[in-house]
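Just query13.csv here, CSV, C-alpha atoms and all ligand atoms:
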chain,number,residue,atom,x,y,z
A,1,MET,CA,-17.1,7.7,48.2
A,2,LYS,CA,-14.9,8.9,45.4
A,3,HIS,CA,-12.7,6.9,43.0
A,4,ASN,CA,-9.6,9.0,42.6
A,5,PHE,CA,-7.9,8.6,39.2
A,6,GLY,CA,-6.1,11.9,39.4
A,7,ALA,CA,-2.6,12.1,37.9
A,8,GLY,CA,-1.1,13.9,40.9
A,9,PRO,CA,-1.1,14.9,43.6
A,10,GLY,CA,-2.7,11.5,43.5
A,11,ILE,CA,-4.5,9.1,45.8
A,12,LEU,CA,-3.0,8.2,49.1
A,13,PRO,CA,-4.0,5.2,51.3
A,14,HIS,CA,-7.0,6.0,53.5
A,15,GLU,CA,-5.2,4.7,56.6
A,16,VAL,CA,-2.2,6.9,55.9
A,17,LEU,CA,-4.6,9.9,55.7
A,18,LYS,CA,-6.1,9.0,59.0
A,19,GLN,CA,-2.7,8.6,60.7
A,20,ALA,CA,-1.5,11.9,59.2
A,21,ALA,CA,-4.7,13.6,60.4
A,22,ALA,CA,-4.2,12.4,63.9
A,23,ALA,CA,-0.6,13.5,63.9
A,24,VAL,CA,-1.6,17.0,62.9
A,25,VAL,CA,-3.4,17.3,66.3
A,26,ASP,CA,-1.1,15.1,68.5
A,27,PHE,CA,2.0,13.4,67.1
A,28,ASN,CA,2.6,10.0,68.7
A,29,GLY,CA,1.0,11.2,71.9
A,30,ILE,CA,3.7,13.8,72.7
A,31,GLY,CA,1.1,16.6,73.1
A,32,LEU,CA,2.4,18.5,70.1
A,33,SER,CA,1.4,18.6,66.4
A,34,ILE,CA,3.8,17.2,63.8
A,35,LEU,CA,3.5,20.7,62.3
A,36,GLU,CA,4.9,22.4,65.4
A,37,ILE,CA,7.9,20.3,66.4
A,38,SER,CA,11.6,21.1,65.6
A,39,HIS,CA,13.0,19.2,62.6
A,40,ARG,CA,16.0,18.6,64.9
A,41,SER,CA,13.8,17.0,67.6
A,42,PRO,CA,14.5,13.3,68.3
A,43,GLU,CA,10.9,12.6,67.2
A,44,PHE,CA,11.4,14.0,63.7
A,45,GLU,CA,14.9,12.6,63.3
A,46,ALA,CA,13.3,9.2,63.9
A,47,VAL,CA,10.8,9.9,61.2
A,48,LEU,CA,13.5,10.9,58.7
A,49,ASP,CA,15.7,7.9,59.6
A,50,GLU,CA,12.7,5.6,59.2
A,51,ALA,CA,11.8,7.1,55.8
A,52,VAL,CA,15.4,6.7,54.5
A,53,LYS,CA,15.5,3.1,55.9
A,54,LEU,CA,12.2,2.3,54.1
A,55,VAL,CA,13.4,3.6,50.8
A,56,LYS,CA,16.5,1.5,51.1
A,57,GLU,CA,14.6,-1.6,52.1
A,58,LEU,CA,11.8,-1.3,49.6
A,59,PHE,CA,14.1,-0.6,46.7
A,60,SER,CA,17.0,-2.7,47.8
A,61,VAL,CA,19.3,0.3,47.5
A,62,PRO,CA,22.9,-1.0,47.4
A,63,GLU,CA,25.9,0.3,49.4
A,64,GLY,CA,27.4,3.5,47.9
A,65,TYR,CA,24.1,5.3,47.3
A,66,SER,CA,22.7,8.2,49.3
A,67,VAL,CA,18.9,8.8,49.8
A,68,LEU,CA,17.8,12.4,50.0
A,69,PHE,CA,14.5,14.2,50.7
A,70,LEU,CA,14.7,17.5,49.0
A,71,GLN,CA,12.4,20.4,48.0
A,72,GLY,CA,11.5,22.1,44.8
A,73,GLY,CA,9.8,19.2,43.1
A,74,ALA,CA,11.1,17.1,40.2
A,75,SER,CA,11.4,20.3,38.2
A,76,THR,CA,14.2,21.5,40.4
A,77,GLN,CA,16.0,18.2,39.6
A,78,PHE,CA,15.8,19.1,35.9
A,79,ALA,CA,18.4,21.8,36.7
A,80,MET,CA,20.2,20.2,39.7
A,81,VAL,CA,21.2,17.2,37.7
A,82,PRO,CA,23.2,19.1,35.1
A,83,TYR,CA,24.4,21.6,37.7
A,84,ASN,CA,26.0,18.7,39.6
A,85,LEU,CA,26.9,16.2,36.9
A,86,LEU,CA,27.8,18.2,33.8
A,87,PRO,CA,31.3,19.7,33.5
A,88,GLU,CA,31.7,23.1,31.9
A,89,GLY,CA,31.6,22.7,28.1
A,90,GLY,CA,30.4,19.1,28.5
A,91,LYS,CA,27.3,17.4,27.1
A,92,ALA,CA,24.6,15.1,28.4
A,93,ALA,CA,22.4,12.7,26.5
A,94,TYR,CA,18.6,12.9,26.8
A,95,LEU,CA,15.8,10.7,25.6
A,96,GLU,CA,12.8,13.0,24.7
A,97,SER,CA,9.9,10.8,25.6
A,98,GLY,CA,7.4,13.5,26.6
A,99,VAL,CA,6.8,17.0,27.9
A,100,TRP,CA,8.6,16.3,31.2
A,101,ALA,CA,11.7,15.0,29.4
A,102,ASN,CA,11.5,18.1,27.2
A,103,LYS,CA,11.4,20.4,30.3
A,104,ALA,CA,14.4,18.6,31.6
A,105,ILE,CA,16.2,19.1,28.3
A,106,LYS,CA,15.4,22.8,28.4
A,107,GLU,CA,17.2,23.3,31.7
A,108,VAL,CA,20.5,21.9,30.4
A,109,LYS,CA,21.1,24.9,28.3
A,110,TYR,CA,22.1,26.9,31.5
A,111,PHE,CA,24.9,24.5,32.0
A,112,GLY,CA,26.0,23.0,28.7
A,113,GLU,CA,24.7,20.9,25.8
A,114,ALA,CA,21.9,18.4,25.8
A,115,GLN,CA,22.2,15.9,23.0
A,116,VAL,CA,18.7,14.5,22.3
A,117,VAL,CA,19.4,10.9,21.2
A,118,ALA,CA,15.8,10.2,20.1
A,119,THR,CA,12.4,11.8,20.3
A,120,ALA,CA,8.8,10.6,19.9
A,121,LYS,CA,7.5,14.2,19.4
A,122,GLU,CA,6.4,13.6,15.9
A,123,ALA,CA,3.9,11.0,17.2
A,124,ASN,CA,2.8,13.1,20.1
A,125,PHE,CA,4.8,10.9,22.4
A,126,THR,CA,2.6,7.8,22.0
A,127,TYR,CA,5.6,5.4,21.9
A,128,ILE,CA,9.1,5.1,23.5
A,129,PRO,CA,11.9,5.5,21.0
A,130,LYS,CA,14.3,2.5,21.2
A,131,ASP,CA,16.6,2.7,18.3
A,132,PHE,CA,19.4,5.0,19.2
A,133,GLU,CA,22.9,5.2,20.5
A,134,ILE,CA,24.0,6.7,23.8
A,135,PRO,CA,27.2,8.7,23.2
A,136,ALA,CA,30.1,7.4,25.4
A,137,ASP,CA,31.4,10.9,25.9
A,138,ALA,CA,28.2,12.2,27.5
A,139,ALA,CA,28.4,13.0,31.2
A,140,TYR,CA,25.2,11.0,31.8
A,141,PHE,CA,22.1,9.7,30.0
A,142,HIS,CA,18.7,11.0,31.2
A,143,ILE,CA,15.4,9.1,30.8
A,144,THR,CA,11.9,9.4,32.1
A,145,SER,CA,10.7,6.0,33.2
A,146,ASN,CA,7.0,6.8,33.0
A,147,ASN,CA,5.5,9.5,30.9
A,148,THR,CA,2.6,10.7,33.0
A,149,ILE,CA,0.8,12.8,30.3
A,150,TYR,CA,0.8,10.3,27.5
A,151,GLY,CA,0.7,7.0,29.4
A,152,THR,CA,3.9,5.4,28.1
A,153,GLN,CA,6.4,3.6,30.2
A,154,LEU,CA,9.8,2.1,29.8
A,155,HIS,CA,9.4,-1.6,30.4
A,156,LYS,CA,13.1,-2.2,29.8
A,157,PHE,CA,15.9,0.1,30.6
A,158,PHE,CA,18.7,0.7,28.1
A,159,PRO,CA,22.2,-0.5,28.8
A,160,SER,CA,24.3,2.6,28.9
A,161,PRO,CA,28.1,3.4,28.8
A,162,VAL,CA,27.5,6.4,31.0
A,163,PRO,CA,25.6,6.9,34.3
A,164,VAL,CA,21.8,6.8,33.8
A,165,VAL,CA,19.7,9.5,35.4
A,166,CYS,CA,16.1,8.6,35.7
A,167,ASP,CA,13.0,10.7,36.4
A,168,MET,CA,10.7,8.2,38.2
A,169,SER,CA,8.2,10.7,39.4
A,170,SER,CA,5.1,8.8,38.2
A,171,ASP,CA,6.1,5.2,38.7
A,172,ILE,CA,8.5,5.2,41.7
A,173,PHE,CA,7.8,2.2,44.0
A,174,SER,CA,5.2,0.8,41.5
A,175,ARG,CA,7.5,-2.0,40.3
A,176,LYS,CA,10.9,-3.5,41.0
A,177,VAL,CA,13.9,-1.7,39.6
A,178,ASN,CA,17.6,-2.5,39.9
A,179,VAL,CA,18.9,0.6,41.6
A,180,ALA,CA,22.5,-0.4,40.7
A,181,ASP,CA,21.7,0.3,37.0
A,182,PHE,CA,21.3,4.0,37.8
A,183,GLY,CA,23.6,6.8,38.7
A,184,LEU,CA,20.7,8.9,40.0
A,185,ILE,CA,17.0,8.5,40.4
A,186,TYR,CA,14.6,11.3,41.3
A,187,ALA,CA,10.9,11.5,41.9
A,188,GLY,CA,8.4,14.1,43.1
A,189,ALA,CA,6.6,12.3,45.9
A,190,GLN,CA,3.0,13.3,45.0
A,191,LYS,CA,2.0,10.3,42.9
A,192,ASN,CA,3.1,7.0,44.6
A,193,MET,CA,5.1,8.1,47.6
A,194,GLY,CA,3.3,10.8,49.5
A,195,PRO,CA,2.0,14.4,49.3
A,196,ALA,CA,3.5,17.2,47.2
A,197,GLY,CA,6.4,19.1,48.8
A,198,VAL,CA,9.1,16.6,48.9
A,199,THR,CA,11.3,15.0,46.2
A,200,LEU,CA,13.2,11.8,46.6
A,201,VAL,CA,16.7,11.5,45.2
A,202,ILE,CA,18.8,8.3,45.2
A,203,VAL,CA,22.3,9.1,44.1
A,204,LYS,CA,25.4,7.0,43.6
A,205,ASP,CA,28.0,8.8,45.6
A,206,GLU,CA,30.9,8.2,43.2
A,207,ILE,CA,29.3,10.1,40.4
A,208,LEU,CA,29.4,13.3,42.4
A,209,GLY,CA,32.1,15.9,42.7
A,210,LYS,CA,33.4,15.4,39.1
A,211,SER,CA,31.9,18.4,37.3
A,212,GLY,CA,34.4,20.9,38.6
A,213,ARG,CA,31.7,23.5,39.1
A,214,LYS,CA,31.1,25.7,42.1
A,215,ILE,CA,27.6,24.9,43.2
A,216,PRO,CA,25.5,26.9,45.7
A,217,SER,CA,24.9,24.9,48.8
A,218,MET,CA,21.2,24.2,48.4
A,219,PHE,CA,21.7,22.9,44.9
A,220,ASN,CA,24.7,20.8,45.7
A,221,TYR,CA,23.9,17.1,46.3
A,222,GLN,CA,27.0,16.8,48.4
A,223,THR,CA,25.9,19.5,50.9
A,224,GLN,CA,22.5,17.8,51.1
A,225,ILE,CA,24.2,14.4,51.7
A,226,GLU,CA,26.4,15.9,54.4
A,227,GLY,CA,23.4,17.6,56.0
A,228,GLY,CA,21.4,14.4,56.0
A,229,SER,CA,18.6,16.1,54.0
A,230,MET,CA,18.6,18.7,56.8
A,231,TYR,CA,21.0,21.4,55.5
A,232,ASN,CA,18.0,23.6,55.9
A,233,THR,CA,14.5,23.0,57.4
A,234,PRO,CA,13.2,20.0,55.5
A,235,PRO,CA,9.5,19.6,54.5
A,236,VAL,CA,8.6,17.9,57.8
A,237,PHE,CA,5.0,17.0,57.2
A,238,ALA,CA,5.6,15.8,53.6
A,239,ILE,CA,8.4,13.5,54.8
A,240,TYR,CA,6.2,12.2,57.6
A,241,VAL,CA,3.3,11.3,55.3
A,242,SER,CA,5.8,9.8,52.8
A,243,MET,CA,7.2,7.7,55.6
A,244,LEU,CA,3.7,6.5,56.5
A,245,THR,CA,3.0,5.7,52.8
A,246,LEU,CA,6.2,3.7,52.5
A,247,ASN,CA,5.3,1.8,55.7
A,248,TRP,CA,1.9,1.1,54.2
A,249,LEU,CA,3.6,-0.3,51.1
A,250,LYS,CA,5.9,-2.5,53.2
A,251,SER,CA,2.9,-3.9,55.1
A,252,LYS,CA,1.3,-4.8,51.8
A,253,GLY,CA,4.3,-6.9,50.8
A,254,GLY,CA,6.5,-4.2,49.3
A,255,VAL,CA,7.2,-3.3,45.7
A,256,GLU,CA,7.1,-6.9,44.5
A,257,ALA,CA,3.5,-7.4,45.7
A,258,ILE,CA,2.3,-4.0,44.6
A,259,GLU,CA,3.8,-4.6,41.1
A,260,LYS,CA,1.6,-7.6,40.7
A,261,GLU,CA,-1.5,-5.6,41.8
A,262,ASN,CA,-0.6,-2.8,39.5
A,263,GLU,CA,-0.2,-5.1,36.6
A,264,ALA,CA,-3.6,-6.7,37.3
A,265,LYS,CA,-5.3,-3.3,37.5
A,266,ALA,CA,-3.7,-2.2,34.3
A,267,LYS,CA,-4.6,-5.4,32.5
A,268,VAL,CA,-8.3,-5.4,33.3
A,269,LEU,CA,-8.5,-1.7,32.2
A,270,TYR,CA,-6.6,-2.1,29.0
A,271,ASP,CA,-8.6,-5.2,28.2
A,272,GLU,CA,-11.8,-3.2,28.5
A,273,ILE,CA,-10.4,-0.4,26.4
A,274,ASP,CA,-9.5,-2.9,23.6
A,275,ARG,CA,-12.8,-4.7,23.9
A,276,ASN,CA,-15.2,-1.8,24.2
A,277,PRO,CA,-16.3,-0.5,20.8
A,278,LEU,CA,-16.6,3.1,22.0
A,279,PHE,CA,-13.1,3.5,23.3
A,280,LYS,CA,-9.6,3.1,22.1
A,281,GLY,CA,-6.1,3.2,23.6
A,282,VAL,CA,-3.8,6.0,22.7
A,283,CYS,CA,-0.3,4.5,22.9
A,284,VAL,CA,1.6,1.7,21.2
A,285,PRO,CA,0.6,-1.4,23.2
A,286,GLU,CA,4.1,-2.5,24.0
A,287,ASP,CA,4.9,0.8,25.7
A,288,ARG,CA,1.6,1.2,27.6
A,289,SER,CA,2.0,2.4,31.2
A,290,ILE,CA,0.8,0.5,34.2
A,291,MET,CA,0.3,3.8,36.0
A,292,ASN,CA,-1.4,6.2,33.6
A,293,VAL,CA,-3.8,4.6,31.3
A,294,CYS,CA,-4.7,7.0,28.4
A,295,PHE,CA,-7.6,6.4,26.1
A,296,VAL,CA,-10.1,8.3,23.9
A,297,THR,CA,-13.6,7.8,22.6
A,298,GLU,CA,-13.8,6.8,19.0
A,299,ASN,CA,-16.4,9.5,18.5
A,300,PRO,CA,-15.1,12.8,20.1
A,301,GLU,CA,-18.6,13.9,20.8
A,302,LEU,CA,-19.0,11.2,23.4
A,303,GLU,CA,-16.2,12.6,25.5
A,304,LYS,CA,-18.3,15.1,27.5
A,305,PRO,CA,-21.2,12.7,28.2
A,306,PHE,CA,-18.7,10.0,29.4
A,307,LEU,CA,-17.1,12.5,31.8
A,308,LYS,CA,-20.6,13.3,33.1
A,309,LEU,CA,-21.4,9.7,33.7
A,310,CYS,CA,-18.0,9.3,35.5
A,311,ASP,CA,-18.9,12.3,37.7
A,312,GLU,CA,-22.2,10.7,38.6
A,313,LYS,CA,-20.4,7.5,39.7
A,314,GLY,CA,-17.8,9.3,41.8
A,315,ILE,CA,-15.0,8.7,39.3
A,316,VAL,CA,-12.8,11.7,39.5
A,317,GLY,CA,-9.6,12.9,37.8
A,318,ILE,CA,-9.9,11.0,34.5
A,319,LYS,CA,-9.9,14.0,32.1
A,320,GLY,CA,-6.7,13.7,30.0
A,321,HIS,CA,-3.9,16.3,30.3
A,322,ARG,CA,-4.5,19.4,28.2
A,323,SER,CA,-1.7,18.5,25.8
A,324,ALA,CA,-3.0,14.9,25.2
A,325,GLY,CA,-6.8,15.2,25.4
A,326,GLY,CA,-9.2,12.3,26.0
A,327,PHE,CA,-9.0,10.4,29.2
A,328,ARG,CA,-6.3,9.4,31.6
A,329,ALA,CA,-6.9,7.0,34.4
A,330,SER,CA,-4.1,7.1,36.8
A,331,ILE,CA,-4.0,3.9,38.7
A,332,TYR,CA,-1.3,4.5,41.3
A,333,ASN,CA,-0.4,2.1,44.1
A,334,ALA,CA,-3.1,3.3,46.5
A,335,LEU,CA,-5.9,3.0,44.1
A,336,PRO,CA,-7.8,-0.3,44.8
A,337,ILE,CA,-8.8,-2.6,42.0
A,338,THR,CA,-12.4,-2.2,43.1
A,339,SER,CA,-12.2,1.4,41.8
A,340,VAL,CA,-10.9,0.2,38.5
A,341,TYR,CA,-13.9,-2.1,38.2
A,342,VAL,CA,-16.2,0.8,38.9
A,343,LEU,CA,-14.6,2.6,35.9
A,344,ILE,CA,-14.9,-0.5,33.8
A,345,ASP,CA,-18.6,-0.8,34.7
A,346,ALA,CA,-19.1,2.8,33.7
A,347,MET,CA,-17.5,2.2,30.4
A,348,ARG,CA,-19.7,-0.9,29.8
A,349,GLU,CA,-22.9,1.0,30.8
A,350,PHE,CA,-21.9,3.9,28.5
A,351,ALA,CA,-21.4,1.5,25.6
A,352,GLU,CA,-24.7,-0.1,26.3
A,353,ASN,CA,-26.5,3.3,26.3
A,354,ASN,CA,-24.8,4.6,23.2
A,355,LYS,CA,-25.2,1.7,20.8
N,1,LIG,N1,8.4,14.5,35.8
N,1,LIG,C1,7.3,13.7,35.7
N,1,LIG,C2,7.4,12.4,35.0
N,1,LIG,C3,6.1,14.2,36.2
N,1,LIG,O1,4.9,13.5,36.0
N,1,LIG,C4,6.0,15.5,36.8
N,1,LIG,C5,4.8,16.1,37.4
N,1,LIG,N2,3.6,15.6,37.0
N,1,LIG,C6,7.2,16.2,36.9
N,1,LIG,C7,8.4,15.7,36.4
N,1,LIG,C8,7.2,17.6,37.5
N,1,LIG,O2,7.2,17.4,38.9
N,1,LIG,P1,7.1,18.6,39.9
N,1,LIG,O3,5.7,19.2,39.8
N,1,LIG,O4,7.2,17.9,41.3
N,1,LIG,O5,8.2,19.5,39.7
Spit out the file's structure as structure tokens when you get a sec.
Amino acid sequence: MKHNFGAGPGILPHEVLKQAAAAVVDFNGIGLSILEISHRSPEFEAVLDEAVKLVKELFSVPEGYSVLFLQGGASTQFAMVPYNLLPEGGKAAYLESGVWANKAIKEVKYFGEAQVVATAKEANFTYIPKDFEIPADAAYFHITSNNTIYGTQLHKFFPSPVPVVCDMSSDIFSRKVNVADFGLIYAGAQKNMGPAGVTLVIVKDEILGKSGRKIPSMFNYQTQIEGGSMYNTPPVFAIYVSMLTLNWLKSKGGVEAIEKENEAKAKVLYDEIDRNPLFKGVCVPEDRSIMNVCFVTENPELEKPFLKLCDEKGIVGIKGHRSAGGFRASIYNALPITSVYVLIDAMREFAENNK
């Protein structure tokens, strides 16, 4: 058995994988695979409806918001957001809290100006900047709720005079959020929601249609809303597996219950990092992520031997991102706390053997 700490595509619940595997051969006993049915069939329409319903239920999405399942990953949203929300000659405010935020900022130049209100680049993104003003004349304010590479997370959202757009790719459905505080939320599915290939967008309808731009159909949120995420052929299988994963989350007690589990998992792991003389955390404690736990060995020469020990214990995916180094344990919703204890035991054994 493997303990999957990979940053994404990340771990999915085993029972979801079993259901998905069965549906590849025979979907709901209809004698056809989920991979070979029409997206316009009543069977798939029921899947999409259920997925939208689960998102609304799990996240208590208020009236006046649309839920979309799109393609192109979160990276396409980096461009789609300014394309739809930024008027010609306008500006948008961005918080530069990591590489993904930086990539989002880079896309704005095709449409207008990105005003970076604050950055943590000088500290290799090991904290979340908090002391800044959001310009009231910006079309929107863009943040990344969880910085997957560095292991920082926004534990409080900023009050904003303009609609807040949030990239929640790596912490969607890991904790409660008040959707009404956001103009638009987007997330690639492949960490907490499902497999790669589908991107969730939750958008407040009233912020759309104001940029005055002509937008090609596939890039236009309005077209996607009117088409019910089926303007073209949607990623049928990725939506199906996302629906199963959301259903699994509901059966576990929803976002509130998983948030408690996630906090418990993060706490035991950070406690060990702080206690163990061989390891140290990378980020400012108050901004530590409950999804991606980044740490290093005090002595860099111990990095390789620790990875080897992890490998022997079936711990996979903990090598840090190439731009951050060290280790990153991603402890997404589907990772059981028992796997976290296996990692902690390995850290203790390693410290014992390297006194
Ligand atoms: N934003 C964040 C916070 C991410 O972690 C990632 C992917 N790891 C992306 C954006 C890019 O997502 P995608 O690969 O789906 O375009």
Could you give me the residues within 8 Å of ligand LIG 1 (chain N), counting all atoms listed in the file, as a PDB file with C-alpha atoms, in the frame of the given file?
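The new file result-v5.pdb reads:
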ATOM      1  CA  ALA A   7      -2.600  12.100  37.900  1.00  0.00           C
ATOM      2  CA  GLY A   8      -1.100  13.900  40.900  1.00  0.00           C
ATOM      3  CA  GLY A  72      11.500  22.100  44.800  1.00  0.00           C
ATOM      4  CA  GLY A  73       9.800  19.200  43.100  1.00  0.00           C
ATOM      5  CA  ALA A  74      11.100  17.100  40.200  1.00  0.00           C
ATOM      6  CA  SER A  75      11.400  20.300  38.200  1.00  0.00           C
ATOM      7  CA  THR A  76      14.200  21.500  40.400  1.00  0.00           C
ATOM      8  CA  GLN A  77      16.000  18.200  39.600  1.00  0.00           C
ATOM      9  CA  TRP A 100       8.600  16.300  31.200  1.00  0.00           C
ATOM     10  CA  ALA A 101      11.700  15.000  29.400  1.00  0.00           C
ATOM     11  CA  THR A 144      11.900   9.400  32.100  1.00  0.00           C
ATOM     12  CA  SER A 145      10.700   6.000  33.200  1.00  0.00           C
ATOM     13  CA  ASN A 146       7.000   6.800  33.000  1.00  0.00           C
ATOM     14  CA  ASN A 147       5.500   9.500  30.900  1.00  0.00           C
ATOM     15  CA  THR A 148       2.600  10.700  33.000  1.00  0.00           C
ATOM     16  CA  ILE A 149       0.800  12.800  30.300  1.00  0.00           C
ATOM     17  CA  ASP A 167      13.000  10.700  36.400  1.00  0.00           C
ATOM     18  CA  MET A 168      10.700   8.200  38.200  1.00  0.00           C
ATOM     19  CA  SER A 169       8.200  10.700  39.400  1.00  0.00           C
ATOM     20  CA  SER A 170       5.100   8.800  38.200  1.00  0.00           C
ATOM     21  CA  ALA A 187      10.900  11.500  41.900  1.00  0.00           C
ATOM     22  CA  GLY A 188       8.400  14.100  43.100  1.00  0.00           C
ATOM     23  CA  ALA A 189       6.600  12.300  45.900  1.00  0.00           C
ATOM     24  CA  GLN A 190       3.000  13.300  45.000  1.00  0.00           C
ATOM     25  CA  ALA A 196       3.500  17.200  47.200  1.00  0.00           C
ATOM     26  CA  GLY A 197       6.400  19.100  48.800  1.00  0.00           C
ATOM     27  CA  VAL A 198       9.100  16.600  48.900  1.00  0.00           C
ATOM     28  CA  THR A 199      11.300  15.000  46.200  1.00  0.00           C
TER      29      THR A 199
END
- Message: I want to know what sits within 7 Å of A:Arg175, based on only C-alpha atoms, with residues of the same chain fewer than 3 positions away left out; could you give that as a VMD selection string?
- Response: chain A and resid 255 to 256 259
- Task: Rank A:Ile202, A:Leu343, A:Leu48, A:Val162 by their smallest atom-to-atom distance to A:Tyr186, using only C-alpha atoms, and report the top residue only.
- Result: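 Smallest distance to A:Tyr186 is found for A:Ile202.
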- Determine the nearest neighbour of A:Ser41 from the options A:Ile11, A:Leu335, A:Val236, A:Val316, counting only C-alpha atoms.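 For A:Ser41, the nearest of the candidates is A:Val236.
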- Proximity to A:Ala120 - best of A:Ile344, A:Leu54, A:Pro87, A:Cys283, only C-alpha atoms: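 That would be A:Cys283, the residue with the smallest distance to A:Ala120.
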- Message: Show me the residues close to (17.1, 13.4, 35.7) - anything with an atom within 6 Å, counting only C-alpha atoms - and format the list as a list in words.
- Response: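 Collected hits near the coordinates: Phe78, Val81, His142, Val165, Cys166 and Asp167 of chain A.
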- Which residue out of A:Arg348, A:Lys106, A:Arg288, A:Lys265 has the minimum interatomic distance to A:Gly151 when only C-alpha atoms are used? A:Arg288
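The nearest approach to A:Val282 among the residues A:His155, A:Arg328, A:Lys121, A:Lys91, with all atoms listed in the file taken into account, belongs to A:Arg328.
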- Interatomic distance between atom CA of A:Met193 and atom CA of A:Asn102?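 Computing the Euclidean distance for atom CA of A:Met193 and atom CA of A:Asn102 yields 23.6 Å.
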- Name the residues in contact with A:Thr297 at a cut-off of 9 Å, using all atoms listed in the file, excluding same-chain residues fewer than 4 positions from it; report them as a PyMOL selection string. chain A and resi 277-281+301-303+306+326-327
- Query: By how many Å are atom CA of A:Gly98 and atom CA of A:Thr126 apart?
  - Reply: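 Answer for the atom CA of A:Gly98 to atom CA of A:Thr126 separation: 8.8 Å.
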Enumerate, in order of chain and increasing residue number, the residues of stretch 138-201 of chain A with an atom no farther than 9 Å from stretch 206-210 of chain A, each with its shortest atom pair and distance in Å to one decimal, counting all atoms listed in the file, as a tab-separated table.
residue	atom	partner	partner_atom	distance
A:Pro163	CA	A:Ile207	CA	7.8
A:Gly183	CA	A:Ile207	CA	6.8
A:Leu184	CA	A:Ile207	CA	8.7
Would you pick out the contacts of A:Asn178 at 10 Å or less, using only C-alpha atoms, so that residues sharing its chain but fewer than 3 positions from it are not included, and give the list as a short mmCIF file (atom, residue, chain, number, x, y, z; two decimals) with C-alpha atoms, in the frame of the given file?
data_model
loop_
_atom_site.label_atom_id
_atom_site.label_comp_id
_atom_site.auth_asym_id
_atom_site.auth_seq_id
_atom_site.Cartn_x
_atom_site.Cartn_y
_atom_site.Cartn_z
CA PHE A 59 14.10 -0.60 46.70
CA SER A 60 17.00 -2.70 47.80
CA VAL A 61 19.30 0.30 47.50
CA PRO A 62 22.90 -1.00 47.40
CA PHE A 157 15.90 0.10 30.60
CA ASP A 181 21.70 0.30 37.00
CA PHE A 182 21.30 4.00 37.80
#
Take stretch 50-69 of chain A from the block and save it with C-alpha atoms, as a PDB file, in the first residue's frame.
ATOM      1  CA  GLU A  50     -25.828  15.991  -9.476  1.00  0.00           C
ATOM      2  CA  ALA A  51     -22.291  17.439  -9.602  1.00  0.00           C
ATOM      3  CA  VAL A  52     -23.650  21.009  -9.750  1.00  0.00           C
ATOM      4  CA  LYS A  53     -26.093  20.234  -6.934  1.00  0.00           C
ATOM      5  CA  LEU A  54     -23.315  18.815  -4.744  1.00  0.00           C
ATOM      6  CA  VAL A  55     -21.096  21.863  -5.287  1.00  0.00           C
ATOM      7  CA  LYS A  56     -23.982  24.145  -4.305  1.00  0.00           C
ATOM      8  CA  GLU A  57     -24.817  22.051  -1.280  1.00  0.00           C
ATOM      9  CA  LEU A  58     -21.279  21.461   0.015  1.00  0.00           C
ATOM     10  CA  PHE A  59     -20.262  25.083  -0.396  1.00  0.00           C
ATOM     11  CA  SER A  60     -23.683  26.624   0.446  1.00  0.00           C
ATOM     12  CA  VAL A  61     -23.560  28.572  -2.829  1.00  0.00           C
ATOM     13  CA  PRO A  62     -26.074  31.433  -2.579  1.00  0.00           C
ATOM     14  CA  GLU A  63     -28.628  32.440  -5.211  1.00  0.00           C
ATOM     15  CA  GLY A  64     -27.221  34.506  -8.057  1.00  0.00           C
ATOM     16  CA  TYR A  65     -24.138  32.349  -8.644  1.00  0.00           C
ATOM     17  CA  SER A  66     -23.525  29.907 -11.505  1.00  0.00           C
ATOM     18  CA  VAL A  67     -21.518  26.694 -11.192  1.00  0.00           C
ATOM     19  CA  LEU A  68     -19.518  25.658 -14.248  1.00  0.00           C
ATOM     20  CA  PHE A  69     -17.356  22.687 -15.167  1.00  0.00           C
TER      21      PHE A  69
END
